[in-house]
Every structure is written in structure tokens, then in C-alpha cells.
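data.csv follows (CSV, C-alpha atoms):
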chain,number,residue,atom,x,y,z
A,7,MET,CA,14.0,1.6,11.9
A,8,LYS,CA,13.8,-2.1,11.7
A,9,ASN,CA,14.4,-3.9,8.4
A,10,ARG,CA,13.0,-7.3,7.4
A,11,PHE,CA,15.1,-9.4,5.1
A,12,PHE,CA,13.5,-11.4,2.3
A,13,ALA,CA,12.8,-15.1,2.9
A,14,PRO,CA,11.1,-16.9,0.0
A,15,MET,CA,9.7,-19.8,2.1
A,16,ALA,CA,8.3,-17.5,4.7
A,17,LEU,CA,6.7,-15.3,2.1
A,18,ALA,CA,5.1,-18.3,0.5
A,19,ALA,CA,3.4,-19.0,3.8
A,20,GLY,CA,2.0,-15.5,4.2
A,21,ILE,CA,-1.1,-15.8,1.9
A,22,ALA,CA,-2.2,-18.6,-0.4
A,23,LEU,CA,-1.5,-16.7,-3.6
A,24,LEU,CA,2.0,-15.7,-2.7
A,25,ALA,CA,4.9,-17.9,-3.6
A,26,THR,CA,2.5,-10.8,0.9
A,27,GLY,CA,-1.5,-1.9,0.2
A,28,CYS,CA,-0.3,0.3,3.7
A,29,SER,CA,4.1,-3.5,8.4
A,30,ALA,CA,6.8,-5.6,8.2
A,31,GLU,CA,8.6,-5.0,11.5
A,32,ALA,CA,9.6,-8.6,12.1
A,33,ASP,CA,12.8,-10.3,11.0
A,34,GLU,CA,10.9,-12.4,8.4
A,35,VAL,CA,7.5,-12.3,6.6
A,36,GLU,CA,4.6,-13.3,8.8
A,37,SER,CA,2.9,-16.5,8.1
A,38,THR,CA,-0.9,-16.8,7.6
A,39,THR,CA,-1.0,-18.4,11.1
A,40,ASP,CA,0.8,-15.5,12.7
A,41,ALA,CA,-1.3,-12.9,10.9
A,42,THR,CA,-4.5,-14.8,11.9
A,43,GLU,CA,-3.5,-14.8,15.5
A,44,ALA,CA,-2.7,-11.1,15.4
A,45,ALA,CA,-6.0,-10.4,13.8
A,46,GLU,CA,-8.0,-12.5,16.2
A,47,SER,CA,-6.2,-11.1,19.3
A,48,THR,CA,-6.4,-7.5,18.3
A,49,ALA,CA,-9.5,-6.8,16.3
A,50,PRO,CA,-12.9,-6.4,18.2
A,51,GLU,CA,-15.7,-8.8,17.6
A,52,SER,CA,-18.9,-7.6,16.0
A,53,THR,CA,-22.6,-8.6,16.3
A,54,ASP,CA,-25.1,-8.1,13.6
A,55,ALA,CA,-28.0,-5.8,14.4
A,56,PRO,CA,-30.6,-4.0,12.3
A,57,ALA,CA,-29.8,-0.4,11.5
A,58,GLU,CA,-32.3,2.3,10.6
A,59,GLY,CA,-34.7,1.3,7.9
A,60,GLY,CA,-34.2,-2.4,8.6
A,61,LEU,CA,-30.7,-2.5,7.0
A,62,GLU,CA,-28.7,-5.3,8.6
A,63,LEU,CA,-25.3,-4.0,9.8
A,64,PRO,CA,-23.1,-5.1,12.7
A,65,GLU,CA,-23.6,-3.1,15.9
A,66,THR,CA,-19.9,-2.1,15.4
A,67,LEU,CA,-17.9,-2.1,12.2
A,68,THR,CA,-14.2,-2.6,12.2
A,69,LEU,CA,-12.1,-0.5,9.8
A,70,ALA,CA,-8.7,-2.1,9.1
A,71,LEU,CA,-5.9,0.1,7.9
A,72,VAL,CA,-2.6,-1.0,6.5
A,73,PRO,CA,0.4,0.5,8.4
A,74,SER,CA,2.0,2.6,5.6
A,75,ASP,CA,3.3,5.0,8.2
A,76,GLU,CA,4.0,4.8,11.9
A,77,VAL,CA,1.3,2.6,13.5
A,78,GLU,CA,0.6,5.1,16.3
A,79,GLN,CA,0.0,7.9,13.8
A,80,ILE,CA,-2.1,5.8,11.4
A,81,THR,CA,-4.2,4.7,14.4
A,82,THR,CA,-4.7,8.3,15.5
A,83,ASP,CA,-5.6,9.5,12.0
A,84,GLY,CA,-7.7,6.4,11.5
A,85,GLU,CA,-9.8,7.1,14.6
A,86,ALA,CA,-10.8,10.4,13.0
A,87,LEU,CA,-11.8,8.7,9.8
A,88,ALA,CA,-13.7,6.1,11.8
A,89,ALA,CA,-15.6,8.8,13.6
A,90,ALA,CA,-16.5,10.5,10.3
A,91,LEU,CA,-17.8,7.2,8.9
A,92,SER,CA,-19.7,6.5,12.1
A,93,ASP,CA,-21.5,9.8,11.7
A,94,GLN,CA,-22.5,8.8,8.2
A,95,LEU,CA,-23.7,5.3,9.1
A,96,GLY,CA,-25.1,6.0,12.5
A,97,ILE,CA,-23.3,3.0,14.1
A,98,ASP,CA,-19.9,2.7,15.9
A,99,VAL,CA,-16.8,2.2,13.8
A,100,GLU,CA,-13.6,1.0,15.4
A,101,VAL,CA,-10.1,1.0,14.0
A,102,PHE,CA,-7.7,-2.0,13.6
A,103,VAL,CA,-4.1,-1.4,12.5
A,104,PRO,CA,-2.2,-4.7,12.4
A,105,GLU,CA,1.5,-5.2,11.8
A,106,SER,CA,1.4,-6.1,8.1
A,107,TYR,CA,-0.6,-5.9,4.9
A,108,SER,CA,-1.4,-9.6,5.0
A,109,ALA,CA,-2.9,-9.4,8.4
A,110,VAL,CA,-5.6,-7.0,7.0
A,111,VAL,CA,-6.5,-9.6,4.4
A,112,VAL,CA,-6.6,-12.3,7.0
A,113,ALA,CA,-8.8,-10.1,9.3
A,114,LEU,CA,-11.3,-9.8,6.4
A,115,GLN,CA,-11.1,-13.5,5.8
A,116,THR,CA,-11.7,-14.4,9.4
A,117,GLY,CA,-14.5,-12.0,10.1
A,118,GLN,CA,-12.4,-9.7,12.3
A,119,ALA,CA,-12.6,-6.7,9.9
A,120,ASP,CA,-15.5,-5.4,7.9
A,121,ILE,CA,-13.8,-2.7,5.8
A,122,GLY,CA,-10.2,-2.6,4.6
A,123,PHE,CA,-8.2,0.2,3.1
A,124,LEU,CA,-5.6,-1.6,1.0
A,125,GLY,CA,-3.1,-1.3,-1.8
A,126,PRO,CA,-4.2,-2.7,-5.2
A,127,ILE,CA,-2.4,-6.0,-4.9
A,128,ALA,CA,-3.8,-6.7,-1.5
A,129,MET,CA,-7.3,-5.6,-2.7
A,130,VAL,CA,-7.1,-8.4,-5.3
A,131,GLN,CA,-5.8,-10.8,-2.7
A,132,ALA,CA,-8.7,-9.9,-0.4
A,133,GLU,CA,-11.1,-10.5,-3.2
A,134,ASN,CA,-9.6,-13.9,-4.0
A,135,GLU,CA,-8.8,-15.1,-0.5
A,136,ALA,CA,-11.5,-13.5,1.7
A,137,ASN,CA,-14.3,-13.1,-0.8
A,138,ALA,CA,-14.1,-9.3,-0.2
A,139,GLN,CA,-15.6,-6.9,-2.6
A,140,ILE,CA,-13.5,-4.1,-4.2
A,141,VAL,CA,-15.7,-1.0,-4.0
A,142,LEU,CA,-13.7,2.2,-4.1
A,143,GLN,CA,-10.4,3.7,-5.3
A,144,SER,CA,-8.5,6.7,-3.9
A,145,VAL,CA,-8.1,9.8,-5.9
A,146,ARG,CA,-4.9,11.9,-5.6
A,147,TYR,CA,-4.1,15.0,-7.7
A,148,GLY,CA,-7.1,14.3,-9.8
A,149,SER,CA,-6.0,10.8,-10.8
A,150,SER,CA,-6.9,7.2,-9.8
A,151,GLU,CA,-3.5,6.0,-10.9
A,152,TYR,CA,0.0,6.3,-9.6
A,153,VAL,CA,3.5,5.0,-10.0
A,154,GLY,CA,6.2,3.3,-8.0
A,155,GLN,CA,9.4,5.4,-7.9
A,156,TRP,CA,13.0,4.2,-7.9
A,157,PHE,CA,15.4,6.4,-6.0
A,158,THR,CA,19.0,6.5,-4.9
A,159,THR,CA,21.8,8.7,-3.5
A,160,ASP,CA,24.3,7.2,-6.0
A,161,THR,CA,23.5,9.6,-8.8
A,162,ASP,CA,26.9,9.0,-10.5
A,163,THR,CA,25.7,5.4,-11.3
A,164,PHE,CA,22.0,5.7,-11.8
A,165,CYS,CA,21.4,9.2,-13.3
A,166,LEU,CA,22.1,9.1,-17.0
A,167,ASP,CA,21.5,12.8,-17.4
A,168,GLU,CA,21.7,15.9,-15.1
A,169,VAL,CA,19.9,15.9,-11.8
A,170,GLN,CA,17.1,18.4,-11.8
A,171,MET,CA,14.8,19.9,-9.2
A,172,ASP,CA,11.1,20.1,-9.5
A,173,GLU,CA,8.9,23.0,-8.4
A,174,ASP,CA,8.6,21.4,-4.9
A,175,GLY,CA,12.3,21.1,-4.4
A,176,PHE,CA,12.6,17.3,-5.1
A,177,ALA,CA,15.4,16.0,-7.2
A,178,PHE,CA,15.0,13.6,-10.2
A,179,CYS,CA,16.8,12.5,-13.3
A,180,ASN,CA,16.2,10.3,-16.4
A,181,GLY,CA,12.8,12.0,-17.0
A,182,ALA,CA,11.3,10.4,-13.9
A,183,THR,CA,9.0,13.3,-13.0
A,184,GLY,CA,5.3,14.2,-13.4
A,185,GLY,CA,3.9,10.9,-11.9
A,186,SER,CA,3.3,9.0,-15.2
A,187,GLY,CA,5.4,6.0,-16.1
A,188,PRO,CA,7.3,4.0,-17.0
A,189,ALA,CA,10.4,6.2,-17.1
A,190,GLY,CA,14.1,5.9,-16.6
A,191,GLU,CA,14.1,2.1,-17.4
A,192,ASP,CA,17.6,2.2,-19.0
A,193,ALA,CA,19.0,3.0,-15.6
A,194,LEU,CA,17.4,-0.1,-14.0
A,195,ALA,CA,19.8,-2.2,-16.1
A,196,LEU,CA,22.5,-0.8,-13.8
A,197,VAL,CA,21.0,-2.4,-10.7
A,198,GLY,CA,23.4,-5.1,-9.9
A,199,ALA,CA,22.5,-8.6,-8.7
A,200,ASP,CA,24.2,-7.8,-5.4
A,201,SER,CA,22.7,-4.4,-5.0
A,202,VAL,CA,20.8,-3.8,-1.7
A,203,ILE,CA,17.3,-2.8,-2.7
A,204,SER,CA,14.9,-1.4,-0.2
A,205,PHE,CA,11.3,-2.6,-0.9
A,206,VAL,CA,8.3,-1.7,1.2
A,207,ASP,CA,6.3,-4.8,2.1
A,208,PRO,CA,5.7,-8.1,0.4
A,209,SER,CA,2.1,-7.1,-0.4
A,210,SER,CA,2.8,-3.6,-1.7
A,211,ALA,CA,2.0,-3.0,-5.3
A,212,SER,CA,4.2,0.0,-5.9
A,213,GLY,CA,6.6,-1.0,-3.2
A,214,TYR,CA,7.3,-4.6,-4.3
A,215,TYR,CA,5.1,-6.3,-6.9
A,216,PHE,CA,5.3,-3.9,-9.8
A,217,PRO,CA,9.0,-2.8,-9.4
A,218,ALA,CA,10.2,-6.4,-8.9
A,219,THR,CA,8.1,-7.5,-12.0
A,220,GLN,CA,9.7,-4.5,-13.9
A,221,LEU,CA,13.2,-5.7,-13.0
A,222,SER,CA,12.2,-9.3,-14.0
A,223,GLY,CA,11.0,-8.1,-17.4
A,224,LEU,CA,14.0,-5.8,-18.1
A,225,LEU,CA,16.8,-8.0,-16.7
A,226,GLY,CA,15.3,-11.5,-17.1
A,227,ILE,CA,15.7,-12.3,-13.4
A,228,ASP,CA,13.4,-14.0,-10.9
A,229,PRO,CA,12.2,-11.3,-8.6
A,230,ILE,CA,11.9,-13.7,-5.7
A,231,ASN,CA,15.1,-15.7,-6.0
A,232,ASP,CA,17.5,-13.4,-7.9
A,233,ILE,CA,17.4,-10.4,-5.6
A,234,PRO,CA,19.4,-11.8,-2.7
A,235,ASN,CA,19.9,-8.5,-0.9
A,236,ALA,CA,16.4,-7.3,-0.9
A,237,LEU,CA,15.1,-5.8,2.3
A,238,PHE,CA,11.6,-4.8,3.4
A,239,ALA,CA,11.6,-1.5,5.2
A,240,GLY,CA,8.0,-1.8,6.5
A,241,GLY,CA,6.5,1.3,4.9
A,242,HIS,CA,7.0,3.8,2.1
A,243,PRO,CA,8.6,6.5,4.2
A,244,GLN,CA,10.8,3.9,5.9
A,245,SER,CA,12.0,2.7,2.4
A,246,VAL,CA,13.0,6.3,1.6
A,247,GLN,CA,14.8,6.6,4.8
A,248,ALA,CA,16.7,3.3,4.2
A,249,VAL,CA,18.3,4.9,1.2
A,250,TYR,CA,18.7,8.2,2.9
A,251,ASP,CA,20.6,6.5,5.8
A,252,GLY,CA,22.7,4.4,3.4
A,253,ASP,CA,21.2,1.1,4.3
A,254,ALA,CA,20.3,0.4,0.7
A,255,VAL,CA,21.7,1.5,-2.7
A,256,VAL,CA,18.4,2.0,-4.3
A,257,GLY,CA,14.8,1.9,-3.0
A,258,ILE,CA,11.2,1.9,-4.0
A,259,SER,CA,8.1,3.7,-2.8
A,260,PHE,CA,5.0,5.3,-4.1
A,261,ASN,CA,5.4,8.7,-5.8
A,262,ASP,CA,6.4,10.9,-3.9
A,263,ALA,CA,6.9,9.4,-0.5
A,264,ARG,CA,9.9,11.6,0.1
A,265,SER,CA,7.5,14.4,1.1
A,266,SER,CA,6.5,12.5,4.3
A,267,LEU,CA,10.1,12.8,5.6
A,268,ALA,CA,10.7,16.4,4.6
A,269,ASP,CA,9.8,17.9,8.0
A,270,GLU,CA,12.2,15.5,9.8
A,271,PHE,CA,15.0,15.6,7.1
A,272,SER,CA,15.0,18.9,5.3
A,273,ASP,CA,17.5,17.7,2.6
A,274,VAL,CA,15.7,14.4,1.8
A,275,GLY,CA,14.2,15.7,-1.4
A,276,GLU,CA,17.6,16.8,-2.7
A,277,LYS,CA,19.7,13.9,-1.3
A,278,VAL,CA,17.4,11.1,-2.4
A,279,VAL,CA,17.0,11.4,-6.1
A,280,VAL,CA,14.2,9.6,-8.1
A,281,PHE,CA,15.7,8.0,-11.2
A,282,ALA,CA,13.0,5.7,-12.6
A,283,TYR,CA,9.2,5.0,-12.5
A,284,THR,CA,7.2,1.8,-12.8
A,285,GLY,CA,4.3,1.8,-15.2
A,286,ASN,CA,1.0,3.3,-14.0
A,287,ILE,CA,-0.9,1.4,-11.3
A,288,PRO,CA,-4.5,1.7,-10.1
A,289,ASN,CA,-4.6,3.5,-6.8
A,290,ASP,CA,-5.2,1.9,-3.5
A,291,GLY,CA,-8.8,1.8,-2.2
A,292,VAL,CA,-11.5,0.1,-0.2
A,293,VAL,CA,-12.7,-3.4,0.1
A,294,VAL,CA,-15.8,-4.6,2.1
A,295,SER,CA,-16.1,-8.0,3.8
A,296,GLY,CA,-17.9,-10.7,1.8
A,297,ASP,CA,-19.8,-11.6,5.0
A,298,LEU,CA,-21.9,-8.4,4.5
A,299,ASP,CA,-24.9,-8.5,2.1
A,300,ALA,CA,-25.3,-6.4,-1.0
A,301,ASP,CA,-27.4,-3.7,0.8
A,302,ALA,CA,-24.9,-3.3,3.6
A,303,THR,CA,-22.0,-3.2,1.2
A,304,GLN,CA,-23.8,-0.5,-0.8
A,305,ALA,CA,-24.6,1.5,2.4
A,306,ILE,CA,-20.9,1.5,3.4
A,307,THR,CA,-19.8,2.4,-0.1
A,308,ASP,CA,-22.3,5.3,-0.2
A,309,ALA,CA,-21.3,6.5,3.3
A,310,LEU,CA,-17.6,6.6,2.4
A,311,LEU,CA,-18.3,8.5,-0.8
A,312,ALA,CA,-20.5,10.9,1.1
A,313,LEU,CA,-18.0,11.5,3.9
A,314,ALA,CA,-15.3,12.3,1.3
A,315,GLU,CA,-17.4,15.3,0.3
A,316,THR,CA,-17.6,16.6,3.8
A,317,GLU,CA,-14.9,18.9,5.4
A,318,GLU,CA,-14.4,16.5,8.3
A,319,GLY,CA,-14.2,13.4,6.1
A,320,ALA,CA,-11.9,15.0,3.5
A,321,ALA,CA,-9.5,16.0,6.3
A,322,ALA,CA,-9.5,12.5,7.8
A,323,LEU,CA,-8.9,10.8,4.4
A,324,SER,CA,-6.1,13.3,3.7
A,325,ALA,CA,-4.5,12.7,7.1
A,326,VAL,CA,-4.6,8.9,7.0
A,327,TYR,CA,-3.4,8.2,3.4
A,328,SER,CA,-3.1,11.6,1.7
A,329,ILE,CA,-6.4,10.8,-0.2
A,330,ASP,CA,-8.0,13.7,-2.0
A,331,GLY,CA,-11.2,11.9,-2.9
A,332,LEU,CA,-12.9,8.5,-3.5
A,333,GLU,CA,-14.5,7.1,-6.6
A,334,VAL,CA,-16.1,3.8,-7.6
A,335,ALA,CA,-13.4,1.3,-8.4
A,336,ASN,CA,-12.5,0.7,-12.0
A,337,GLN,CA,-12.9,-3.1,-12.1
A,338,ASP,CA,-11.4,-3.3,-15.6
A,339,ALA,CA,-8.2,-1.7,-14.4
A,340,PHE,CA,-7.8,-4.2,-11.6
A,341,ASP,CA,-8.5,-7.1,-14.0
A,342,THR,CA,-6.2,-6.0,-16.7
A,343,VAL,CA,-3.3,-4.3,-14.8
A,344,VAL,CA,-3.2,-5.6,-11.2
A,345,ARG,CA,-4.5,-9.1,-11.4
A,346,PRO,CA,-2.0,-10.4,-14.1
A,347,VAL,CA,0.9,-9.0,-12.0
A,348,GLU,CA,-0.4,-10.7,-8.8
A,349,GLU,CA,-1.1,-14.0,-10.5
A,350,ASN,CA,2.2,-14.2,-12.4
A,351,PHE,CA,4.5,-12.8,-9.8
A,352,GLY,CA,7.7,-14.8,-9.5
A,353,GLU,CA,6.8,-17.1,-12.4

When written as C-alpha cells, how does the structure in this file appear?
Amino acid sequence: MKNRFFAPMALAAGIALLATGCSAEADEVESTTDATEAAESTAPESTDAPAEGGLELPETLTLALVPSDEVEQITTDGEALAAALSDQLGIDVEVFVPESYSAVVVALQTGQADIGFLGPIAMVQAENEANAQIVLQSVRYGSSEYVGQWFTTDTDTFCLDEVQMDEDGFAFCNGATGGSGPAGEDALALVGADSVISFVDPSSASGYYFPATQLSGLLGIDPINDIPNALFAGGHPQSVQAVYDGDAVVGISFNDARSSLADEFSDVGEKVVVFAYTGNIPNDGVVVSGDLDADATQAITDALLALAETEEGAAALSAVYSIDGLEVANQDAFDTVVRPVEENFGE
């Protein structure tokens, strides 16, 4: 696993709103120029053509997916999702998996992607920077919200009560269980200034923005300049593994990313203990390019909702991002919860 260490100036160049959901494999954060070049060299071009009933859609739609897992696996699972969406729309849908969250936003901005599956912070950035439209949210376990989880192997330091096991065999302490936050915040005061913290990606809501903001509020620190030993693991499972391998003292991921490593590391749920939660965050979801008109956007939105109700589509959504269903995005939640964190991050 490759780690990317935090560089404030490089991060500031990533997207205009950053002082940047689903890969951070390089030694520093990609700049907008790098992300643009990656998008333009990788994503296929599309040509507008009338679909059935006179609806204007490109001959080929490009579906951009954030690399929250191994790129090869995301690509394979994404191709199944693209095939299901293609069946719904009656046109070709191709998959684009870049190397970072920010590259998906840039691909939407430069016309190299038509649909993006993104985390909530990146969804807001896509709306701001690429004029994309936030249309859908993921549903998991019957909820359109989730939390970021803090975890460690150093239970003597960060567990203020006894370590317990949940019904699935995953360890937790400080009341950080059940998927609703915040929880265990007293233990976050024990995160030292020199502690190595494994974050996910500079655009990740649960893997960076919300937990770093949480630390800032609790400890009065600047999340950009006052966490000198932050590293970016490149994905949620990779962040768990960074702590499992001892590369970081504490780590962050969505709840519960440990399950994605359970087949490879049978003791990960016991060894890596969740000790705190962020507050609740609107789920990741879908944005559609601002270059598409209202009718085309609605057609894509309806097609995704419809495929989520099919056996093939449900299986594809589950495989690619463990999505149980899709629902119309709660714009109020994005405006009141996500946007303030994105706008005020680091200030």
C-alpha cells in the first residue's frame, strides 16, 4: 500500500475551493492540472445524439467512479453497473475510474464525464466548480446518513471503557457503535499533535473533512497546518489497513470499512477497534453534468432509480459501493450539513 503525505500547498492547488467521495496513490495531492490531464487522457469523448422520443443524450455516457477500493475491482464492478444503466437508457455507458476524487470533479468540469458517483464533499464541489447537479443519495441499512469512524490498535490510550464486540464480531469502545454520532469525543482529546493519523483522501467527507473539522472544534487546532503527521491512505479499506499494519496510531474511514478487509485479515475486526464517531453525514450519491439539459438529467435520474429496483441493478450497486438503494437527494441536508464544512474547512 502506498501512502500520500499531506502537503498544504499541493492540496490548495487540487480544486479551487480547497485551501481535495470514492485515489491518492501519488506522493502528494494532485493539482487541478494533473487531474485535468488524467481526465482528458483517460475518459472517452462523447457526441450528442437524439435518443428515443427525441430526448437529447450523448451517444455514449461516461460514468465516473471514485476509487474507494482497488481501481481494478471498482472498474470491474463499475462495468456491471454501467451495463445495467445502459439497459435502462438504451445507449452505451462507459466507465471512468481516475486516480483521485478531485479528478472526477475535473472530469465533470471539462466534459469528460456525464455522471459521477461521489462522496458528499465532492458532490458539493462538483456543484460549485463544474455546475453539476446533485440528484441522488445512496441508502444503506435503511438510512441516507452515515458517520466517520475513528479507530486504533492502541486501546490502552484511546478506550476509556472496556472493549466490546458487536454481533458481527467487530470491536468498539466509548459507545461508538450503532452508526449514529457523534460518539467517543472525549477520547479524541488524547490524539497528540505528533500522532500519525491515517486519513482517506483530501476530498473525502468521512475520511477527512468531517473528522479533521471535529478535531479542530474539540482541540482548537487548524486541521490543515496542525496535523503534521497526517497521511492519506488512498481509500477507506487502505486507511483501516494503515492502522492494522502499524503505519498509523489512529485512522479514519466510513462506518464500517473494516468489513472490506475481513476476508483477507480475519482478525481485523478484533485488532482494529473503533473508539469514536463523527457526527452524522449525508450519504454519498450521484451528480449529473451541468452540460446536460433538464430532460436528460431527469432521464438519467429516473433510470438510476429504476435500475436500483431491479435484481441486476441492485447487485451492481451493492458490488460497487455497498449501496442498498437510491433516493432523491436531500438538498437541505447538503446545504445545512455538508456545505458549511466544505466552505469553512481550515479557517

List as CSV every residue of range 244-340 of chain A that is in contact with range 117-137 of chain A, defined as an atom at most 7 Å from one of its atoms (using all atoms listed in the file), together with the nearest atom pair and the distance in Å rounded to one decimal, sorted by chain and then rising number.
residue,atom,partner,partner_atom,distance
A:Pro288,CA,A:Pro126,CA,6.6
A:Asn289,CA,A:Pro126,CA,6.4
A:Asp290,CA,A:Gly125,CA,4.2
A:Gly291,CA,A:Phe123,CA,5.6
A:Val292,CA,A:Phe123,CA,4.7
A:Val293,CA,A:Gly122,CA,5.2
A:Val294,CA,A:Ile121,CA,4.6
A:Ser295,CA,A:Asp120,CA,4.9
A:Gly296,CA,A:Asn137,CA,5.0

Point out the residue among A:Ser92, A:Gln304, A:Thr219, A:Asn286 with the least atom-to-atom distance to Ala189 in chain A, counting all atoms listed in the file.
->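 Of all the options, A:Asn286 lies closest to Ala189 in chain A.
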
Rank nothing, just name the residue among A:Leu196, A:Val101, A:Ala302, A:Leu225 nearest to Ile80 in chain A, using all atoms listed in the file.
->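 That would be A:Val101, the residue with the smallest distance to Ile80 in chain A.
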
Would you list the contacts of Ser201 in chain A as a list in words, taking every protein, DNA or RNA residue within 9 Å and counting only C-alpha atoms, but skipping same-chain residues closer than 2 positions in sequence?
->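 Skipping anything fewer than 2 positions along the chain leaves Val197, Gly198, Ala199, Ile203, Ile233, Pro234, Asn235, Ala236, Ala254, Val255 and Val256 of chain A.
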
What is the CA of Ala263 in chain A-CA of Cys179 in chain A distance in Å, reported with one decimal?
-> 16.5 Å

Find the distance between CA of Leu91 in chain A and CA of Gln115 in chain A and write it in Å to one decimal.
->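 It comes out at 22.0 Å.
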
Provide the CA of Ser108 in chain A to CA of Ala89 in chain A distance in Å, to one decimal place.
->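 Calculated distance between CA of Ser108 in chain A and CA of Ala89 in chain A is 24.8 Å.
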
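Counting only C-alpha atoms, Leu310 in chain A has the following residues at most 9 Å away, ignoring those fewer than 2 positions along the same chain: A:Ala90, A:Leu91, A:Gln94, A:Leu142, A:Ala305, A:Ile306, A:Thr307, A:Asp308, A:Ala312, A:Leu313, A:Ala314, A:Glu315, A:Gly319, A:Leu332.
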
Identify, on the basis of all atoms listed in the file, every residue whose closest approach to Gly331 in chain A does not exceed 7 Å; exclude the query and any residue fewer than 3 positions from it along the same chain; express the result as a PyMOL selection string.
-> chain A and resi 144-146+314

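If only C-alpha atoms are the atoms counted, then among A:Val141, A:Ala193, A:Val111, A:Ile97 the closest residue to Glu333 in chain A is A:Val141.
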
Considering only C-alpha atoms, state which residue in the set A:Glu65, A:Phe216, A:Phe178, A:Ala320 is at the smallest distance from Arg345 in chain A.
->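 Counting only C-alpha atoms, the residue closest to Arg345 in chain A is A:Phe216.
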
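Candidate residues A:Phe281, A:Glu151, A:Val103, A:Tyr214 were compared for distance to Gln79 in chain A, and the nearest is A:Val103, using only C-alpha atoms.
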
Across A:Ala322, A:Ala239, A:Ala177, A:Leu63, the smallest distance to Thr82 in chain A, with all atoms listed in the file counted, is shown by A:Ala322

Name the residues in contact with Ala282 in chain A at a cut-off of 8 Å, using only C-alpha atoms, excluding same-chain residues fewer than 6 positions from it; report them as number ranges by chain.
-> A: 155-157, 179-182, 188-191, 193-194
